[in-house]
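What follows is final.cif (mmCIF, C-alpha atoms).
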data_coords
loop_
_atom_site.label_atom_id
_atom_site.label_comp_id
_atom_site.auth_asym_id
_atom_site.auth_seq_id
_atom_site.Cartn_x
_atom_site.Cartn_y
_atom_site.Cartn_z
CA MET A 249 50.56 127.01 32.13
CA ASP A 250 52.44 125.66 29.13
CA ALA A 251 55.12 128.28 28.56
CA GLU A 252 56.79 130.80 30.80
CA VAL A 253 55.29 134.27 30.47
CA ALA A 254 57.62 137.12 31.26
CA THR A 255 55.95 139.80 33.33
CA THR A 256 57.32 143.07 34.61
CA PRO A 257 57.33 143.79 38.35
CA ASN A 258 54.35 146.14 37.80
CA GLU A 259 52.41 143.53 35.86
CA SER A 260 53.14 141.01 38.61
CA ARG A 261 51.64 143.34 41.23
CA TYR A 262 48.49 143.71 39.14
CA LEU A 263 48.15 139.94 38.72
CA MET A 264 48.55 139.32 42.46
CA LEU A 265 46.02 142.01 43.43
CA MET A 266 43.57 140.78 40.82
CA TYR A 267 43.91 137.21 42.09
CA ARG A 268 43.27 138.32 45.66
CA LYS A 269 40.19 140.32 44.67
CA GLN A 270 38.79 137.90 42.09
CA LEU A 271 39.45 134.53 43.69
CA GLU A 272 40.17 135.02 47.38
CA GLU A 273 37.57 137.72 48.02
CA GLY A 274 35.15 136.69 45.27
CA GLY A 275 34.75 140.10 43.74
CA ARG A 276 35.22 141.92 40.50
CA ILE A 277 37.94 144.54 40.18
CA THR A 278 37.56 147.54 37.90
CA THR A 279 40.18 149.80 36.40
CA THR A 280 39.10 152.46 38.91
CA ASP A 281 39.71 150.02 41.79
CA LEU A 282 43.16 149.20 40.42
CA ALA A 283 43.96 152.89 39.89
CA ARG A 284 43.04 153.64 43.52
CA SER A 285 45.02 150.67 44.85
CA PHE A 286 48.19 151.57 42.94
CA LYS A 287 47.69 155.34 43.18
CA VAL A 288 47.93 155.83 39.42
CA ASN A 289 45.54 157.26 36.85
CA PRO A 290 43.06 154.97 35.08
CA ALA A 291 44.90 155.36 31.75
CA THR A 292 47.98 153.73 33.29
CA VAL A 293 45.86 150.83 34.51
CA THR A 294 44.30 150.42 31.07
CA GLU A 295 47.76 150.26 29.50
CA ILE A 296 48.91 147.54 31.93
CA LEU A 297 45.72 145.54 31.49
CA GLN A 298 46.08 145.70 27.71
CA LYS A 299 49.64 144.36 27.99
CA LEU A 300 48.45 141.56 30.27
CA ALA A 301 45.68 140.78 27.78
CA GLU A 302 48.26 140.53 24.96
CA LYS A 303 50.12 138.00 27.11
CA LYS A 304 46.84 136.08 27.55
CA LEU A 305 46.92 136.57 31.34
CA VAL A 306 43.72 138.61 31.59
CA GLU A 307 40.55 139.16 29.60
CA TYR A 308 40.16 142.91 29.43
CA THR A 309 36.89 144.62 28.54
CA ARG A 310 36.96 148.37 28.15
CA TYR A 311 34.81 150.19 30.76
CA TYR A 312 34.25 146.95 32.61
CA GLY A 313 37.62 145.84 33.90
CA ALA A 314 39.49 142.59 33.63
CA GLU A 315 39.40 139.02 34.81
CA LEU A 316 42.28 136.61 35.07
CA THR A 317 42.49 133.87 32.49
CA GLU A 318 43.51 130.33 33.41
CA ASN A 319 47.12 131.27 32.56
CA GLY A 320 46.76 134.46 34.58
CA ILE A 321 45.55 132.50 37.59
CA ALA A 322 48.50 130.11 37.32
CA GLU A 323 50.97 133.01 37.03
CA ALA A 324 49.36 134.88 39.94
CA ARG A 325 49.53 131.77 42.15
CA LYS A 326 53.20 131.35 41.33
CA LEU A 327 53.86 134.99 42.22
CA LEU A 328 51.77 134.84 45.40
CA ARG A 329 53.62 131.69 46.46
CA LYS A 330 56.92 133.55 46.21
CA HIS A 331 55.51 136.49 48.15
CA ARG A 332 54.00 134.37 50.92
CA ILE A 333 57.07 132.13 51.36
CA LEU A 334 59.20 135.27 51.69
CA GLU A 335 56.77 136.65 54.27
CA PHE A 336 57.07 133.40 56.21
CA LEU A 337 60.88 133.59 56.11
CA PHE A 338 60.95 137.23 57.24
CA VAL A 339 58.63 136.58 60.19
CA LYS A 340 60.24 133.32 61.32
CA PHE A 341 63.90 134.09 60.69
CA LEU A 342 64.12 137.88 60.96
CA LYS A 343 61.26 138.28 63.46
CA TYR A 344 59.53 140.90 61.31
CA THR A 345 55.90 141.75 61.93
CA ALA A 346 53.50 140.36 59.33
CA GLU A 347 52.98 143.87 57.94
CA LYS A 348 56.72 144.59 57.64
CA ALA A 349 57.28 141.12 56.09
CA CYS A 350 54.61 141.82 53.47
CA GLU A 351 56.13 145.20 52.67
CA GLU A 352 59.63 143.73 52.25
CA ALA A 353 58.43 140.71 50.27
CA SER A 354 56.69 143.09 47.87
CA THR A 355 60.02 144.67 46.95
CA ILE A 356 61.74 141.42 45.94
CA ASP A 357 59.18 138.68 45.31
CA HIS A 358 59.14 139.20 41.54
CA TYR A 359 62.92 138.72 41.31
CA CYS A 360 63.28 135.52 43.35
CA SER A 361 63.82 132.28 41.48
CA GLU A 362 61.55 129.32 42.04
CA ASP A 363 64.60 127.36 43.21
CA LEU A 364 65.23 129.89 46.00
CA ILE A 365 61.59 129.89 47.05
CA ASN A 366 61.49 126.07 47.02
CA ALA A 367 64.64 125.92 49.16
CA ILE A 368 63.08 128.27 51.72
CA CYS A 369 59.83 126.29 51.61
CA GLN A 370 61.70 123.04 52.19
CA ALA A 371 63.77 124.50 55.03
CA TYR A 372 60.57 125.42 56.84
CA GLY A 373 58.81 122.10 56.27
CA HIS A 374 56.45 123.30 53.51
CA PRO A 375 54.32 125.84 55.43
CA LYS A 376 50.65 125.89 54.48
CA ARG A 377 49.83 129.50 55.47
CA CYS A 378 51.69 132.80 55.46
CA PRO A 379 51.76 135.12 58.49
CA CYS A 380 48.62 136.86 57.14
CA ASP A 381 46.88 133.46 57.23
CA LYS A 382 46.63 133.23 53.44
CA VAL A 383 47.18 129.90 51.67
CA ILE A 384 50.70 129.20 50.44
CA PHE A 385 50.29 127.39 47.16
CA GLY A 386 52.25 124.20 46.61
CA ASP A 387 54.77 123.53 43.88
CA PRO A 388 55.21 119.96 42.61
CA LYS A 389 58.91 120.64 42.03
CA CYS A 390 59.28 121.57 45.69
CA ARG A 391 57.38 118.61 47.09
CA GLY A 392 59.30 116.21 44.86
CA ARG A 393 62.70 117.00 46.35
CA ALA A 394 64.25 114.76 48.96
CA GLN A 395 63.97 116.35 52.36
CA THR A 396 67.28 116.14 54.14
CA GLY A 397 67.98 117.48 57.58
CA GLU A 398 70.77 119.80 56.57
CA THR A 399 71.95 121.78 53.60
CA HIS A 400 75.60 122.59 52.97
CA ILE A 401 76.41 125.86 51.23
CA GLU A 402 79.88 126.88 50.04
CA SER A 403 81.09 129.74 47.89
CA ASN A 404 84.77 130.65 47.43
CA ASN A 405 86.23 131.58 50.83
CA SER A 406 82.87 132.20 52.49
CA HIS A 407 81.06 129.29 54.04
CA VAL A 408 78.21 128.26 56.26
CA ASN A 409 78.64 124.82 57.79
CA SER A 410 74.96 123.91 57.70
CA LEU A 411 71.45 125.25 57.86
CA SER A 412 68.94 123.79 60.26
CA SER A 413 65.80 122.86 58.37
CA LYS A 414 63.51 122.57 61.39
CA PRO A 415 60.47 124.74 60.70
CA ASP A 416 60.67 126.69 63.96
CA ASN A 417 64.44 126.91 64.17
CA PHE A 418 65.96 128.13 60.92
CA SER A 419 69.43 129.24 61.90
CA ALA A 420 72.87 129.39 60.40
CA VAL A 421 75.37 127.16 62.12
CA GLY A 422 79.01 128.07 61.71
CA GLU A 423 80.59 131.30 60.58
CA LEU A 424 80.24 133.21 57.37
CA GLN A 425 83.72 134.54 56.82
CA ASN A 426 85.35 136.80 54.29
CA GLY A 427 88.80 136.02 52.88
CA GLU A 428 90.53 137.43 55.99
CA GLY A 429 88.70 135.27 58.51
CA ASP A 430 86.43 138.10 59.68
CA LEU A 431 82.69 137.74 59.87
CA ASP A 432 80.94 139.47 57.01
CA GLY A 433 78.14 141.70 58.03
#

Target encoding structure tokens, full file:
Amino acid sequence: MDAEVATTPNESRYLMLMYRKQLEEGGRITTTDLARSFKVNPATVTEILQKLAEKKLVEYTRYYGAELTENGIAEARKLLRKHRILEFLFVKFLKYTAEKACEEASTIDHYCSEDLINAICQAYGHPKRCPCDKVIFGDPKCRGRAQTGETHIESNNSHVNSLSSKPDNFSAVGELQNGEGDLDG
């Protein structure tokens, strides 16, 4: 994809669902299918699909549905990568179930920067599959970074001494303190 395409959180959800249906399950998705999935009326779906078509992310045909374009596929993969890396983090670090991890990832995946997602990916040794056993797409910018054993994070008076980057043991070492020496939390 040549240029960044700004999508809304709603548009992102549509792209991800369309990718899953079109490319992972090998099917066609209609406006009726999308309306059922998102619990909205078909007119709302049509409006979103038209906006995605204007952004050249889907090819929309009235009364038929839509298919992702090459740019739409690239954008959907980027979004799904964010979602699946977050799922991985929530299961490994927070011990969420796969279902709860998916639910939580859905609320924030759109807003996460690629730098954050790449840092999480690196910390876990570039996982290949999410907890739902779906492929986690690679990112050349993530793979190109030097992989060090520890990361140091500092911000004003709060600090974490290091983060373990072992895939099965992501844990904060040290104390996160507020300005008065108390643990934040």

Give me the result of the PyMOL selection byres ((chain A and resi 282) around 12) on this file, residue by residue, as a short mmCIF file (atom, residue, chain, number, x, y, z; two decimals) with C-alpha atoms, keeping the file's coordinate frame.
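Printed below is result00.cif as written:
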data_model
loop_
_atom_site.label_atom_id
_atom_site.label_comp_id
_atom_site.auth_asym_id
_atom_site.auth_seq_id
_atom_site.Cartn_x
_atom_site.Cartn_y
_atom_site.Cartn_z
CA ASN A 258 54.35 146.14 37.80
CA GLU A 259 52.41 143.53 35.86
CA ARG A 261 51.64 143.34 41.23
CA TYR A 262 48.49 143.71 39.14
CA LEU A 263 48.15 139.94 38.72
CA MET A 264 48.55 139.32 42.46
CA LEU A 265 46.02 142.01 43.43
CA MET A 266 43.57 140.78 40.82
CA LYS A 269 40.19 140.32 44.67
CA ARG A 276 35.22 141.92 40.50
CA ILE A 277 37.94 144.54 40.18
CA THR A 278 37.56 147.54 37.90
CA THR A 279 40.18 149.80 36.40
CA THR A 280 39.10 152.46 38.91
CA ASP A 281 39.71 150.02 41.79
CA ALA A 283 43.96 152.89 39.89
CA ARG A 284 43.04 153.64 43.52
CA SER A 285 45.02 150.67 44.85
CA PHE A 286 48.19 151.57 42.94
CA LYS A 287 47.69 155.34 43.18
CA VAL A 288 47.93 155.83 39.42
CA ASN A 289 45.54 157.26 36.85
CA PRO A 290 43.06 154.97 35.08
CA ALA A 291 44.90 155.36 31.75
CA THR A 292 47.98 153.73 33.29
CA VAL A 293 45.86 150.83 34.51
CA THR A 294 44.30 150.42 31.07
CA GLU A 295 47.76 150.26 29.50
CA ILE A 296 48.91 147.54 31.93
CA LEU A 297 45.72 145.54 31.49
CA GLY A 313 37.62 145.84 33.90
CA ALA A 314 39.49 142.59 33.63
#

Ranking A:Lys340, A:Lys326, A:Arg310, A:Arg268 by minimum distance to Ile365 (chain A) and counting only C-alpha atoms, which one comes first?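 Counting only C-alpha atoms, the residue closest to Ile365 (chain A) is A:Lys326.
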
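Nearest to Phe336 (chain A) of all the residues A:Asp363, A:Asp387, A:Asp381, A:Glu302 is A:Asp381, based on all atoms listed in the file.
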
Which residues match the PyMOL selection byres ((chain A and resi 374) around 10) in the file above, as a list in words?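 The output of the PyMOL selection byres ((chain A and resi 374) around 10) on this file is Ile333, Asn366, Ala367, Ile368, Cys369, Gln370, Ala371, Tyr372, Gly373, Pro375, Lys376, Arg377, Ile384, Phe385, Gly386, Asp387, Cys390, Arg391 and Pro415 of chain A.
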
Between CA of Cys380 (chain A) and CA of Glu362 (chain A), what is the distance, to one decimal in Å?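 Rounded to one decimal, the two atoms are 21.3 Å apart.
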
In terms of the shortest atom-to-atom distance over only C-alpha atoms, which of A:Cys360, A:Leu334, A:Ala324, A:Val306 is closest to Lys348 (chain A)?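 Checking each of A:Cys360, A:Leu334, A:Ala324, A:Val306 against Lys348 (chain A), counting only C-alpha atoms, the winner is A:Leu334.
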
Of the candidates A:Thr317, A:Cys350, A:Lys343, A:His358, which one gets nearest to Leu300 (chain A) if we count only C-alpha atoms? A:Thr317

The distance between CA of Tyr359 (chain A) and CA of Phe338 (chain A) is 16.1 Å

Which residue is closest to Thr255 (chain A)? Choose from A:Arg329, A:Glu335, A:Pro379, A:Lys299 and count only C-alpha atoms.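 Selected residue with least distance to Thr255 (chain A): A:Lys299.
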
To one decimal in Å, tell me the separation between CA of Glu307 (chain A) and CA of Gln270 (chain A).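 Going from CA of Glu307 (chain A) over to CA of Gln270 (chain A), I get 12.7 Å.
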